[in-house]
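J.: What follows is structure-v6.cif; its format and atoms are mmCIF, C-alpha atoms and all ligand atoms.
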```cif
data_entry
loop_
_atom_site.label_atom_id
_atom_site.label_comp_id
_atom_site.auth_asym_id
_atom_site.auth_seq_id
_atom_site.Cartn_x
_atom_site.Cartn_y
_atom_site.Cartn_z
CA MET P 182 26.30 -106.63 120.21
CA PHE P 183 25.80 -103.75 117.82
CA GLU P 184 23.92 -101.39 120.17
CA HIS P 185 26.71 -98.86 119.89
CA PHE P 186 26.37 -98.47 116.10
CA THR P 187 25.17 -94.92 115.52
CA ALA P 188 22.74 -94.09 112.71
CA TYR P 189 24.22 -93.10 109.34
CA ALA P 190 22.68 -89.92 107.97
CA GLY P 191 23.14 -91.16 104.41
CA ASP P 192 24.86 -89.36 101.54
CA PRO P 193 23.05 -86.05 100.97
CA ILE P 194 23.33 -86.32 97.18
CA LEU P 195 21.98 -89.87 97.07
CA SER P 196 19.19 -88.91 99.51
CA LEU P 197 18.08 -86.08 97.23
CA GLN P 198 18.09 -88.49 94.30
CA LEU P 199 15.58 -90.68 96.17
CA ALA P 200 13.42 -87.66 97.07
CA TYR P 201 13.38 -86.69 93.39
CA ARG P 202 12.42 -90.20 92.35
CA ASP P 203 9.43 -90.15 94.71
CA ASP P 204 8.26 -86.65 93.73
CA PRO P 205 4.97 -87.04 91.82
CA ARG P 206 5.13 -83.65 90.04
CA PRO P 207 5.57 -84.23 86.29
CA GLU P 208 7.47 -80.95 85.78
CA LYS P 209 10.23 -81.95 88.25
CA VAL P 210 13.84 -81.22 87.21
CA ASN P 211 16.78 -83.19 88.62
CA LEU P 212 19.95 -81.10 88.84
CA SER P 213 21.26 -82.77 91.98
CA ILE P 214 23.23 -85.94 91.23
CA GLY P 215 26.17 -86.10 88.83
CA LEU P 216 24.68 -88.38 86.20
CA TYR P 217 24.63 -87.68 82.46
CA TYR P 218 21.11 -87.48 81.06
CA ASP P 219 20.35 -87.06 77.35
CA GLU P 220 17.98 -84.49 75.81
CA GLN P 221 15.06 -86.85 76.59
CA GLY P 222 16.07 -87.01 80.26
CA ARG P 223 17.27 -90.61 80.01
CA ILE P 224 20.56 -92.15 81.13
CA PRO P 225 21.88 -93.21 77.73
CA GLN P 226 23.05 -96.65 76.70
CA LEU P 227 25.99 -95.81 74.47
CA GLU P 228 25.79 -97.50 71.07
CA SER P 229 29.52 -98.32 71.18
CA VAL P 230 29.08 -100.04 74.54
CA GLN P 231 26.01 -101.95 73.31
CA GLN P 232 28.06 -103.32 70.41
CA ALA P 233 30.90 -104.29 72.74
CA ARG P 234 28.40 -105.99 75.04
CA LYS P 235 27.38 -108.32 72.20
CA THR P 236 31.00 -109.32 71.63
CA VAL P 237 31.71 -109.85 75.31
CA LEU P 238 28.51 -111.83 75.93
CA ALA P 239 29.25 -114.05 72.91
CA SER P 240 32.42 -115.28 74.62
CA THR P 241 32.16 -118.80 75.96
CA GLU P 242 35.16 -118.44 78.27
CA PRO P 243 34.49 -119.29 81.94
CA SER P 244 34.52 -116.40 84.40
CA VAL P 245 37.79 -116.81 86.23
CA TYR P 246 39.34 -114.39 88.70
CA LEU P 247 41.14 -111.47 87.14
CA PRO P 248 44.68 -110.82 88.39
CA MET P 249 44.88 -108.46 91.40
CA SER P 250 45.76 -105.62 89.01
CA GLY P 251 42.85 -106.44 86.71
CA ASN P 252 42.62 -107.16 83.01
CA PRO P 253 46.07 -106.42 81.49
CA ALA P 254 44.64 -105.33 78.11
CA TYR P 255 42.29 -102.93 79.93
CA CYS P 256 45.20 -101.43 81.85
CA ARG P 257 47.23 -100.90 78.65
CA ALA P 258 44.27 -99.30 76.85
CA VAL P 259 43.58 -97.02 79.82
CA GLN P 260 47.22 -95.93 79.94
CA ARG P 261 47.18 -94.92 76.28
CA LEU P 262 43.92 -93.02 76.72
CA LEU P 263 45.27 -91.08 79.70
CA PHE P 264 48.92 -90.52 78.77
CA GLY P 265 48.72 -90.59 74.96
CA GLU P 266 49.67 -93.10 72.26
CA ASN P 267 53.23 -91.77 72.09
CA SER P 268 53.78 -91.05 75.76
CA PRO P 269 57.47 -91.10 76.76
CA ALA P 270 56.47 -92.07 80.33
CA LEU P 271 54.72 -95.16 78.94
CA SER P 272 57.53 -96.17 76.59
CA GLU P 273 59.99 -95.75 79.47
CA GLY P 274 57.84 -98.22 81.44
CA ARG P 275 57.51 -95.90 84.42
CA VAL P 276 53.71 -95.96 84.76
CA ALA P 277 52.08 -98.66 86.92
CA THR P 278 48.33 -99.07 86.32
CA ILE P 279 45.71 -101.30 87.94
CA GLN P 280 42.01 -101.74 87.15
CA THR P 281 39.87 -100.61 90.09
CA VAL P 282 36.31 -100.66 91.39
CA GLY P 283 35.29 -97.35 89.83
CA GLY P 284 37.08 -94.08 90.39
CA SER P 285 36.19 -94.31 94.08
CA GLY P 286 38.04 -97.62 94.39
CA ALA P 287 41.11 -96.05 92.77
CA LEU P 288 41.00 -93.17 95.24
CA ARG P 289 40.72 -95.57 98.15
CA VAL P 290 43.51 -97.92 97.06
CA GLY P 291 45.74 -94.92 96.31
CA ALA P 292 44.94 -93.32 99.67
CA ASP P 293 45.72 -96.58 101.51
CA LEU P 294 49.08 -96.87 99.77
CA LEU P 295 50.04 -93.26 100.40
CA ARG P 296 49.11 -93.53 104.04
CA ARG P 297 51.26 -96.62 104.42
CA PHE P 298 54.35 -95.27 102.67
CA PHE P 299 54.07 -91.58 103.66
CA PRO P 300 52.90 -91.84 107.29
CA ASP P 301 54.09 -88.30 108.06
CA SER P 302 52.28 -86.63 105.19
CA GLN P 303 49.07 -84.66 105.46
CA ALA P 304 46.52 -84.36 102.68
CA ARG P 305 45.03 -81.27 101.04
CA ILE P 306 41.84 -81.07 99.00
CA SER P 307 40.46 -78.05 97.15
CA ASP P 308 37.93 -75.79 98.86
CA PRO P 309 35.37 -76.93 97.81
CA THR P 310 35.60 -80.45 96.39
CA TRP P 311 33.56 -83.64 96.00
CA ASP P 312 32.57 -84.57 99.58
CA ASN P 313 33.80 -88.12 99.18
CA HIS P 314 37.40 -86.93 98.74
CA ARG P 315 37.59 -85.95 102.38
CA ALA P 316 35.73 -89.10 103.45
CA ILE P 317 38.05 -91.43 101.52
CA LEU P 318 41.28 -89.72 102.62
CA GLU P 319 40.17 -89.55 106.26
CA GLY P 320 38.99 -93.15 106.01
CA ALA P 321 42.54 -94.09 105.02
CA GLY P 322 43.84 -92.28 108.10
CA PHE P 323 44.92 -88.90 106.71
CA VAL P 324 44.55 -85.57 108.41
CA VAL P 325 42.81 -83.59 105.66
CA GLN P 326 42.89 -79.84 105.17
CA THR P 327 41.84 -77.67 102.24
CA TYR P 328 43.72 -75.39 99.88
CA ALA P 329 42.19 -72.21 98.46
CA TYR P 330 40.49 -72.78 95.12
CA PHE P 331 37.28 -70.85 94.70
CA ASP P 332 36.30 -67.27 95.42
CA TYR P 333 32.73 -67.67 96.71
CA GLU P 334 31.96 -63.97 96.29
CA ALA P 335 33.06 -63.71 92.68
CA GLN P 336 31.93 -67.33 92.07
CA ARG P 337 35.14 -67.94 90.12
CA LEU P 338 38.44 -69.78 90.46
CA ASN P 339 40.91 -67.90 92.65
CA PHE P 340 44.12 -69.06 91.04
CA ASP P 341 46.42 -66.61 92.81
CA ALA P 342 45.29 -67.79 96.24
CA MET P 343 45.59 -71.42 95.14
CA ALA P 344 49.11 -71.04 93.78
CA LYS P 345 50.25 -69.08 96.82
CA GLU P 346 48.98 -71.74 99.20
CA LEU P 347 50.41 -74.69 97.27
CA ASP P 348 53.74 -72.89 97.26
CA GLN P 349 53.85 -72.98 101.07
CA LEU P 350 53.12 -76.68 101.63
CA PRO P 351 55.70 -79.03 103.13
CA ALA P 352 57.40 -81.54 100.82
CA ARG P 353 55.44 -84.75 100.20
CA THR P 354 52.07 -83.20 101.09
CA VAL P 355 49.40 -85.21 99.25
CA VAL P 356 47.50 -82.71 97.08
CA LEU P 357 44.25 -83.88 95.51
CA MET P 358 43.50 -82.13 92.20
CA HIS P 359 40.91 -82.33 89.40
CA PRO P 360 42.62 -82.25 85.96
CA CYS P 361 39.35 -81.10 84.32
CA CYS P 362 35.64 -80.51 85.07
CA HIS P 363 36.17 -79.64 88.72
CA ASN P 364 33.42 -81.12 90.91
CA PRO P 365 31.48 -79.16 92.19
CA THR P 366 32.52 -75.81 90.70
CA GLY P 367 33.07 -76.46 86.98
CA ALA P 368 35.89 -73.92 87.34
CA ASP P 369 39.11 -75.26 85.79
CA LEU P 370 42.65 -73.99 85.39
CA SER P 371 43.94 -72.85 81.99
CA ALA P 372 46.94 -74.61 80.43
CA ALA P 373 49.15 -71.70 81.48
CA GLN P 374 47.90 -71.98 85.06
CA TRP P 375 48.53 -75.74 85.09
CA ASP P 376 52.10 -75.01 83.96
CA VAL P 377 52.54 -72.84 87.04
CA VAL P 378 51.18 -75.66 89.23
CA VAL P 379 53.56 -78.18 87.65
CA ASP P 380 56.39 -75.84 88.50
CA ILE P 381 55.30 -75.52 92.13
CA ILE P 382 54.87 -79.29 92.48
CA LYS P 383 58.39 -79.90 91.23
CA ARG P 384 59.97 -77.16 93.28
CA ARG P 385 58.23 -78.05 96.53
CA GLU P 386 58.31 -81.83 95.97
CA LEU P 387 54.58 -82.18 96.50
CA LEU P 388 52.79 -85.48 95.98
CA PRO P 389 49.88 -84.92 93.58
CA PHE P 390 46.89 -87.25 93.52
CA LEU P 391 44.82 -86.48 90.43
CA ASP P 392 41.17 -87.47 90.11
CA LEU P 393 39.80 -87.65 86.57
CA ALA P 394 36.10 -88.55 86.50
CA TYR P 395 35.01 -86.44 83.50
CA GLN P 396 37.67 -86.82 80.79
CA GLY P 397 36.37 -85.44 77.50
CA LEU P 398 33.57 -83.39 79.00
CA ALA P 399 35.44 -80.07 79.28
CA GLU P 400 37.18 -79.57 75.92
CA GLY P 401 37.75 -83.07 74.58
CA LEU P 402 39.38 -86.39 75.41
CA GLU P 403 42.90 -85.25 74.47
CA ALA P 404 42.69 -81.62 75.58
CA ASP P 405 41.41 -82.59 79.02
CA THR P 406 44.62 -84.50 79.78
CA TYR P 407 46.79 -81.38 79.52
CA PHE P 408 47.76 -81.33 83.20
CA ILE P 409 48.32 -85.10 83.37
CA ARG P 410 50.68 -85.09 80.41
CA ALA P 411 52.48 -81.93 81.50
CA LEU P 412 53.06 -83.43 84.93
CA ALA P 413 54.30 -86.71 83.44
CA ALA P 414 56.65 -84.81 81.12
CA SER P 415 58.03 -82.81 84.05
CA GLY P 416 59.39 -85.98 85.62
CA ALA P 417 57.24 -85.56 88.75
CA SER P 418 55.94 -88.68 90.51
CA PHE P 419 52.19 -88.75 91.05
CA LEU P 420 48.98 -90.78 91.32
CA LEU P 421 46.03 -90.63 88.95
CA ALA P 422 42.61 -92.10 89.67
CA ASN P 423 40.24 -92.24 86.71
CA SER P 424 36.60 -93.22 86.36
CA PHE P 425 34.62 -94.43 83.35
CA SER P 426 31.26 -94.19 85.12
CA LYS P 427 30.17 -91.05 83.27
CA ILE P 428 31.96 -91.21 79.95
CA PHE P 429 30.88 -94.81 79.27
CA SER P 430 27.53 -94.42 81.05
CA LEU P 431 28.49 -97.55 83.01
CA TYR P 432 27.92 -96.37 86.58
CA GLY P 433 26.92 -99.74 88.01
CA GLU P 434 29.77 -101.71 86.43
CA ARG P 435 32.35 -99.84 88.55
CA CYS P 436 35.07 -99.25 85.96
CA GLY P 437 38.11 -97.22 86.87
CA ALA P 438 41.87 -97.37 87.22
CA LEU P 439 44.71 -96.19 89.40
CA SER P 440 47.96 -95.18 87.72
CA MET P 441 51.19 -94.28 89.49
CA VAL P 442 53.81 -92.40 87.52
CA CYS P 443 57.24 -93.31 88.85
CA ALA P 444 60.86 -92.26 88.43
CA ASN P 445 61.83 -95.26 86.29
CA ALA P 446 60.73 -98.74 85.18
CA GLU P 447 62.35 -100.59 88.05
CA GLU P 448 60.58 -98.41 90.61
CA ALA P 449 57.30 -98.81 88.70
CA GLN P 450 57.57 -102.60 89.05
CA ARG P 451 57.97 -102.35 92.82
CA VAL P 452 55.15 -99.82 93.06
CA LEU P 453 52.92 -102.12 91.00
CA GLY P 454 53.62 -104.92 93.48
CA GLN P 455 52.48 -102.72 96.36
CA MET P 456 49.37 -101.69 94.42
CA GLN P 457 48.56 -105.38 93.94
CA GLN P 458 49.07 -106.08 97.61
CA ALA P 459 46.79 -103.17 98.55
CA VAL P 460 44.09 -104.70 96.35
CA ARG P 461 44.71 -108.21 97.68
CA ARG P 462 44.10 -107.25 101.29
CA ASN P 463 41.09 -105.16 100.33
CA TYR P 464 38.91 -106.97 97.72
CA SER P 465 41.44 -109.34 96.09
CA SER P 466 40.67 -108.53 92.44
CA PRO P 467 38.27 -106.30 90.46
CA PRO P 468 35.12 -107.48 88.64
CA ALA P 469 35.64 -108.53 85.01
CA PHE P 470 32.58 -107.65 82.98
CA GLY P 471 32.54 -103.84 82.87
CA GLY P 472 36.26 -103.66 82.25
CA SER P 473 35.97 -105.98 79.25
CA LEU P 474 33.28 -103.70 77.78
CA VAL P 475 35.52 -100.65 78.15
CA GLN P 476 38.58 -102.47 76.82
CA THR P 477 36.67 -103.77 73.80
CA VAL P 478 35.47 -100.26 72.94
CA LEU P 479 38.90 -98.70 73.41
CA ASP P 480 40.71 -101.38 71.37
CA THR P 481 38.25 -101.78 68.45
CA PRO P 482 38.83 -98.89 66.02
CA THR P 483 35.23 -98.60 64.79
CA LEU P 484 33.80 -98.72 68.32
CA ARG P 485 36.47 -96.36 69.55
CA ALA P 486 35.53 -93.77 66.92
CA GLN P 487 31.84 -94.22 67.74
CA TRP P 488 32.51 -93.81 71.48
CA GLU P 489 34.60 -90.69 70.95
CA ALA P 490 31.69 -89.20 69.00
CA GLU P 491 29.28 -90.17 71.78
CA VAL P 492 31.44 -88.45 74.42
CA GLU P 493 31.59 -85.38 72.18
CA THR P 494 27.77 -85.38 71.96
CA MET P 495 27.57 -85.34 75.77
CA ARG P 496 30.12 -82.55 75.99
CA VAL P 497 28.42 -80.35 73.40
CA ARG P 498 24.95 -80.89 74.86
CA MET P 499 26.06 -79.85 78.34
CA HIS P 500 27.82 -76.81 76.92
CA THR P 501 24.65 -75.84 75.06
CA MET P 502 22.50 -76.28 78.18
CA ARG P 503 24.83 -74.16 80.29
CA THR P 504 24.64 -71.41 77.66
CA ARG P 505 20.84 -71.69 77.50
CA LEU P 506 20.63 -71.47 81.30
CA TYR P 507 22.82 -68.38 81.22
CA GLU P 508 20.63 -66.77 78.56
CA GLY P 509 17.48 -67.57 80.54
CA LEU P 510 18.94 -66.07 83.70
CA VAL P 511 20.04 -62.91 81.90
CA GLN P 512 16.47 -62.58 80.61
CA HIS P 513 14.66 -63.30 83.90
CA HIS P 514 17.12 -61.68 86.30
CA PRO P 515 19.16 -59.15 84.32
CA ALA P 516 20.25 -57.19 87.39
CA TYR P 517 22.56 -60.04 88.43
CA ASP P 518 25.93 -60.71 86.77
CA TRP P 519 25.67 -64.29 85.49
CA SER P 520 28.84 -64.23 83.41
CA PHE P 521 30.63 -66.57 85.83
CA LEU P 522 28.48 -69.41 84.47
CA LEU P 523 30.09 -69.14 81.05
CA ALA P 524 33.54 -69.67 82.57
CA GLN P 525 32.50 -73.10 83.92
CA ARG P 526 32.83 -76.42 82.11
CA GLY P 527 31.84 -80.04 82.29
CA MET P 528 28.94 -81.62 84.12
CA PHE P 529 28.48 -79.00 86.82
CA SER P 530 27.76 -75.36 87.25
CA TYR P 531 28.17 -73.81 90.62
CA ALA P 532 26.24 -70.85 91.96
CA PRO P 533 26.71 -70.62 95.74
CA VAL P 534 24.17 -67.77 95.68
CA LEU P 535 21.47 -70.40 95.00
CA GLY P 536 22.50 -72.76 97.82
CA PRO P 537 20.41 -71.14 100.58
CA HIS P 538 17.35 -71.37 98.30
CA MET P 539 17.54 -75.14 97.81
CA ASN P 540 14.47 -75.93 99.89
CA ARG P 541 12.28 -73.38 98.12
CA LEU P 542 13.49 -74.52 94.73
CA ILE P 543 12.52 -78.08 95.58
CA LYS P 544 9.24 -77.31 97.38
CA GLU P 545 7.85 -74.51 95.23
CA HIS P 546 9.41 -75.24 91.84
CA ALA P 547 10.26 -78.98 91.82
CA VAL P 548 13.81 -78.01 90.83
CA TYR P 549 16.33 -80.21 92.67
CA ILE P 550 19.78 -78.75 93.31
CA ILE P 551 22.14 -79.58 96.19
CA ASP P 552 22.65 -77.23 99.12
CA SER P 553 26.02 -75.92 97.96
CA GLY P 554 24.41 -74.42 94.86
CA ARG P 555 25.86 -77.07 92.56
CA ILE P 556 23.81 -77.65 89.41
CA CYS P 557 24.20 -80.75 87.24
CA VAL P 558 23.71 -79.19 83.82
CA ALA P 559 23.08 -82.62 82.27
CA GLY P 560 19.65 -82.54 83.99
CA LEU P 561 18.70 -79.59 81.77
CA ASN P 562 17.07 -79.95 78.36
CA GLU P 563 15.15 -77.76 75.90
CA GLN P 564 11.91 -78.57 77.74
CA ASN P 565 12.97 -77.48 81.21
CA VAL P 566 15.84 -75.03 80.91
CA ASP P 567 13.78 -71.85 80.68
CA ARG P 568 11.50 -72.86 83.54
CA THR P 569 14.59 -73.61 85.62
CA ALA P 570 16.06 -70.17 84.90
CA GLN P 571 12.73 -68.64 85.88
CA ALA P 572 12.67 -70.61 89.14
CA PHE P 573 16.21 -69.46 90.00
CA ALA P 574 15.28 -65.84 89.24
CA THR P 575 12.08 -66.06 91.33
CA VAL P 576 13.77 -67.38 94.50
CA LEU P 577 16.62 -64.89 94.21
CA LYS P 578 14.31 -61.88 93.81
CA ALA P 579 11.95 -62.82 96.67
N1 LIG Q 601 35.74 -88.35 91.52
C1 LIG Q 601 34.87 -87.38 91.23
C2 LIG Q 601 35.35 -85.96 91.16
C3 LIG Q 601 33.53 -87.68 91.02
O1 LIG Q 601 32.68 -86.70 90.76
C4 LIG Q 601 33.12 -89.01 91.10
C5 LIG Q 601 31.70 -89.28 90.96
O2 LIG Q 601 31.13 -89.93 90.38
C6 LIG Q 601 34.07 -90.00 91.38
C7 LIG Q 601 35.38 -89.63 91.59
C8 LIG Q 601 33.72 -91.46 91.55
O3 LIG Q 601 33.62 -92.17 90.41
P1 LIG Q 601 33.00 -93.64 90.44
O4 LIG Q 601 31.53 -93.47 90.38
O5 LIG Q 601 33.57 -94.28 89.22
O6 LIG Q 601 33.44 -94.29 91.69
O1 LIG Q 602 28.88 -85.88 92.75
C1 LIG Q 602 27.99 -86.59 92.29
O2 LIG Q 602 26.84 -86.25 92.23
C2 LIG Q 602 28.41 -87.91 91.67
C3 LIG Q 602 27.50 -89.05 92.01
O3 LIG Q 602 28.26 -91.19 97.09
C4 LIG Q 602 27.71 -89.62 93.35
O4 LIG Q 602 29.71 -88.14 91.96
C5 LIG Q 602 27.25 -88.98 94.47
C6 LIG Q 602 27.41 -89.49 95.71
C7 LIG Q 602 28.07 -90.71 95.85
C8 LIG Q 602 28.53 -91.38 94.74
C9 LIG Q 602 28.35 -90.84 93.49
#
```
Would you give me this structure, written as structure tokens?
T.:
Amino acid sequence: MFEHFTAYAGDPILSLQLAYRDDPRPEKVNLSIGLYYDEQGRIPQLESVQQARKTVLASTEPSVYLPMSGNPAYCRAVQRLLFGENSPALSEGRVATIQTVGGSGALRVGADLLRRFFPDSQARISDPTWDNHRAILEGAGFVVQTYAYFDYEAQRLNFDAMAKELDQLPARTVVLMHPCCHNPTGADLSAAQWDVVVDIIKRRELLPFLDLAYQGLAEGLEADTYFIRALAASGASFLLANSFSKIFSLYGERCGALSMVCANAEEAQRVLGQMQQAVRRNYSSPPAFGGSLVQTVLDTPTLRAQWEAEVETMRVRMHTMRTRLYEGLVQHHPAYDWSFLLAQRGMFSYAPVLGPHMNRLIKEHAVYIIDSGRICVAGLNEQNVDRTAQAFATVLKA
């Protein structure tokens, strides 16, 4: 019956993660997968989440199905985190939000809906982007093309090329964008550049689909929503997928949300109905446990403050490690201009120049990066950062 099923090559990032796990060398360094590791190389259990877990586990309520749109208190807390406590869009009731199975689930439900209601639209993703963006949009039936984003020679954002290309797209083109901590490049737009993008979106009637998987890890929880809030204030209609996998260190609980910012409250109600139907015919309703942890943290002032401090610790540590990597590279390979690294933010650095050396880095130095030259800076710590810089310098000079 299933003879015609072809073999699946696997996800290259997840495959490298397994290779790393099975590597016996004690000095190995994992810079491949996008997971946050602490200074000791562990995936942290956030203290705020541990406290919330006690509260949630103490509940004696039976586990009933959540509504199709998820836990209503979770959705409200997520909206305030994303759009702000005093958001006009929220008080006008024009944002529809559902709880989803991670950020990936939000992307998929959003893509399904867009495909259904905009059958003539094509989709654009940044060049480069997270590989799963293309897979999810194509899986939903979209023809997917890229828009200019990164100058591979200069290893920096090419904003002029990006703006020029967006300004030529047909109305209602679905444009996938990263509001902060661009994956894989770590190269983000400035507030002034986002203002230009908002202007183009309005003028050309584009259909933005924002993907926020690293809120708080560029400049801070509030600052990182600049584009989201500017777009909402502009009156544009758009979709926003967000993920709590990284910033709550709750990867396996699959916590995320999909928000759709609409023209008015009446439209938002109809849109919410379609979001619910998209969930119903897909997986019916999201899982309850992880969402109740997140909601408890967000809605309990002491835990909220503790969580915000924990996110800030992650952000500062990754910033420090990126700076230390830069300093090590300047020391070990001063002939090369490494300044582009300092312009990058969030969980990733991106050095396409290293991509072709991936196999040597893994084989000869036990340093795991992915073949694009993406580096997860959270895999660096005081123990391994200098050796990593040395390994990069060695393969580049040979
Ligand atoms: N979007 C981006 C840009 C990501 O890097 C990730 C990766 O984790 C996701 C979405 C998916 O998030 P989740 O693990 O919550 O599905
Ligand atoms: O980009 C990354 O490394 C993370 C982790 O199928 C990840 O987003 C990688 C592959 C995947 C799911 C998550």
J.: Given a cut-off of 12 Å, what residues near ligand LIG 602 (chain Q) show up using only C-alpha atoms and all ligand atoms, put as a PDB file with C-alpha atoms, in the coordinates of the input?
T.:
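And here's pocket.pdb as it stands now:
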```pdb
ATOM      1  CA  GLY P 191      23.140 -91.160 104.410  1.00  0.00           C
ATOM      2  CA  ASP P 192      24.860 -89.360 101.540  1.00  0.00           C
ATOM      3  CA  PRO P 193      23.050 -86.050 100.970  1.00  0.00           C
ATOM      4  CA  ILE P 194      23.330 -86.320  97.180  1.00  0.00           C
ATOM      5  CA  LEU P 195      21.980 -89.870  97.070  1.00  0.00           C
ATOM      6  CA  SER P 196      19.190 -88.910  99.510  1.00  0.00           C
ATOM      7  CA  LEU P 197      18.080 -86.080  97.230  1.00  0.00           C
ATOM      8  CA  GLN P 198      18.090 -88.490  94.300  1.00  0.00           C
ATOM      9  CA  LEU P 199      15.580 -90.680  96.170  1.00  0.00           C
ATOM     10  CA  ASN P 211      16.780 -83.190  88.620  1.00  0.00           C
ATOM     11  CA  LEU P 212      19.950 -81.100  88.840  1.00  0.00           C
ATOM     12  CA  SER P 213      21.260 -82.770  91.980  1.00  0.00           C
ATOM     13  CA  ILE P 214      23.230 -85.940  91.230  1.00  0.00           C
ATOM     14  CA  GLY P 215      26.170 -86.100  88.830  1.00  0.00           C
ATOM     15  CA  LEU P 216      24.680 -88.380  86.200  1.00  0.00           C
ATOM     16  CA  TYR P 217      24.630 -87.680  82.460  1.00  0.00           C
ATOM     17  CA  GLY P 283      35.290 -97.350  89.830  1.00  0.00           C
ATOM     18  CA  GLY P 284      37.080 -94.080  90.390  1.00  0.00           C
ATOM     19  CA  SER P 285      36.190 -94.310  94.080  1.00  0.00           C
ATOM     20  CA  GLY P 286      38.040 -97.620  94.390  1.00  0.00           C
ATOM     21  CA  THR P 310      35.600 -80.450  96.390  1.00  0.00           C
ATOM     22  CA  TRP P 311      33.560 -83.640  96.000  1.00  0.00           C
ATOM     23  CA  ASP P 312      32.570 -84.570  99.580  1.00  0.00           C
ATOM     24  CA  ASN P 313      33.800 -88.120  99.180  1.00  0.00           C
ATOM     25  CA  HIS P 314      37.400 -86.930  98.740  1.00  0.00           C
ATOM     26  CA  ARG P 315      37.590 -85.950 102.380  1.00  0.00           C
ATOM     27  CA  ALA P 316      35.730 -89.100 103.450  1.00  0.00           C
ATOM     28  CA  ILE P 317      38.050 -91.430 101.520  1.00  0.00           C
ATOM     29  CA  CYS P 362      35.640 -80.510  85.070  1.00  0.00           C
ATOM     30  CA  HIS P 363      36.170 -79.640  88.720  1.00  0.00           C
ATOM     31  CA  ASN P 364      33.420 -81.120  90.910  1.00  0.00           C
ATOM     32  CA  PRO P 365      31.480 -79.160  92.190  1.00  0.00           C
ATOM     33  CA  THR P 366      32.520 -75.810  90.700  1.00  0.00           C
ATOM     34  CA  GLY P 367      33.070 -76.460  86.980  1.00  0.00           C
ATOM     35  CA  ASP P 392      41.170 -87.470  90.110  1.00  0.00           C
ATOM     36  CA  LEU P 393      39.800 -87.650  86.570  1.00  0.00           C
ATOM     37  CA  ALA P 394      36.100 -88.550  86.500  1.00  0.00           C
ATOM     38  CA  TYR P 395      35.010 -86.440  83.500  1.00  0.00           C
ATOM     39  CA  SER P 424      36.600 -93.220  86.360  1.00  0.00           C
ATOM     40  CA  PHE P 425      34.620 -94.430  83.350  1.00  0.00           C
ATOM     41  CA  SER P 426      31.260 -94.190  85.120  1.00  0.00           C
ATOM     42  CA  LYS P 427      30.170 -91.050  83.270  1.00  0.00           C
ATOM     43  CA  TYR P 432      27.920 -96.370  86.580  1.00  0.00           C
ATOM     44  CA  GLY P 433      26.920 -99.740  88.010  1.00  0.00           C
ATOM     45  CA  ARG P 435      32.350 -99.840  88.550  1.00  0.00           C
ATOM     46  CA  MET P 528      28.940 -81.620  84.120  1.00  0.00           C
ATOM     47  CA  PHE P 529      28.480 -79.000  86.820  1.00  0.00           C
ATOM     48  CA  SER P 530      27.760 -75.360  87.250  1.00  0.00           C
ATOM     49  CA  ILE P 550      19.780 -78.750  93.310  1.00  0.00           C
ATOM     50  CA  ILE P 551      22.140 -79.580  96.190  1.00  0.00           C
ATOM     51  CA  SER P 553      26.020 -75.920  97.960  1.00  0.00           C
ATOM     52  CA  ARG P 555      25.860 -77.070  92.560  1.00  0.00           C
ATOM     53  CA  ILE P 556      23.810 -77.650  89.410  1.00  0.00           C
ATOM     54  CA  CYS P 557      24.200 -80.750  87.240  1.00  0.00           C
ATOM     55  CA  VAL P 558      23.710 -79.190  83.820  1.00  0.00           C
ATOM     56  CA  ALA P 559      23.080 -82.620  82.270  1.00  0.00           C
ATOM     57  CA  GLY P 560      19.650 -82.540  83.990  1.00  0.00           C
TER      58      GLY P 560
END
```
J.: Could you check which of P:Val355, P:Ala413, P:Leu439, P:Val566 is closest to P:Val460, using only C-alpha atoms?
T.: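 Closest to P:Val460, using only C-alpha atoms: P:Leu439.
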J.: Would you list the residues near (42.2, -78.2, 91.4), meaning any protein, DNA or RNA residue with an atom at most 12 Å from that point in file coordinates, counting all atoms listed in the file, as a PyMOL selection string?
T.: chain P and resi 305-311+327-331+338-340+342-344+347+356-371+374-375+378-379+389-393+408
J.: Considering all atoms listed in the file, can you say which of P:Ser272, P:Ser244, P:Gln280, P:Ser473 comes closest to ligand LIG 601 (chain Q)?
T.: P:Gln280
J.: Provide the atom CA of P:Phe186 to atom P1 of ligand LIG 601 (chain Q) distance in Å, to one decimal place.
T.: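 Between atom CA of P:Phe186 and atom P1 of ligand LIG 601 (chain Q) the gap is 26.9 Å.
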J.: Please, which residues are within 9 Å of (55.2, -81.1, 103.8) by the file's coordinates, counting all atoms listed in the file, and could they come as a VMD selection string?
T.: chain P and resid 301 to 303 349 to 355 385 to 387
J.: As an exercise, work out the distance from atom CA of P:Val230 to atom CA of P:Val290 in Å and give it to one decimal place.
T.: 26.8 Å
J.: Might you pull out every residue within 12 Å of stretch 480-496 of chain P, with only C-alpha atoms counted and same-chain residues fewer than 3 positions away left off, and present them as a PyMOL selection string?
T.: chain P and resi 216-220+224-234+236+254-259+261-262+362+395-403+405+425+427-430+472-477+499-503+526-529+558-560
J.: Using all atoms of ligand LIG 601 (chain Q) that appear in the file, construct an axis-aligned enclosing box with 6 Å of padding on every side and provide its centre coordinates and edge lengths in Å, rounded to one decimal, as JSON.
T.:
```
{"center_x": 33.4, "center_y": -90.1, "center_z": 90.5, "size_x": 16.6, "size_y": 20.3, "size_z": 14.5}
```
J.: Please identify all polymer residues within 8 Å of P:Gly471, counting only C-alpha atoms, omitting same-chain residues fewer than 5 positions from it, and present them as a PyMOL selection string.
T.: chain P and resi 431+434-436
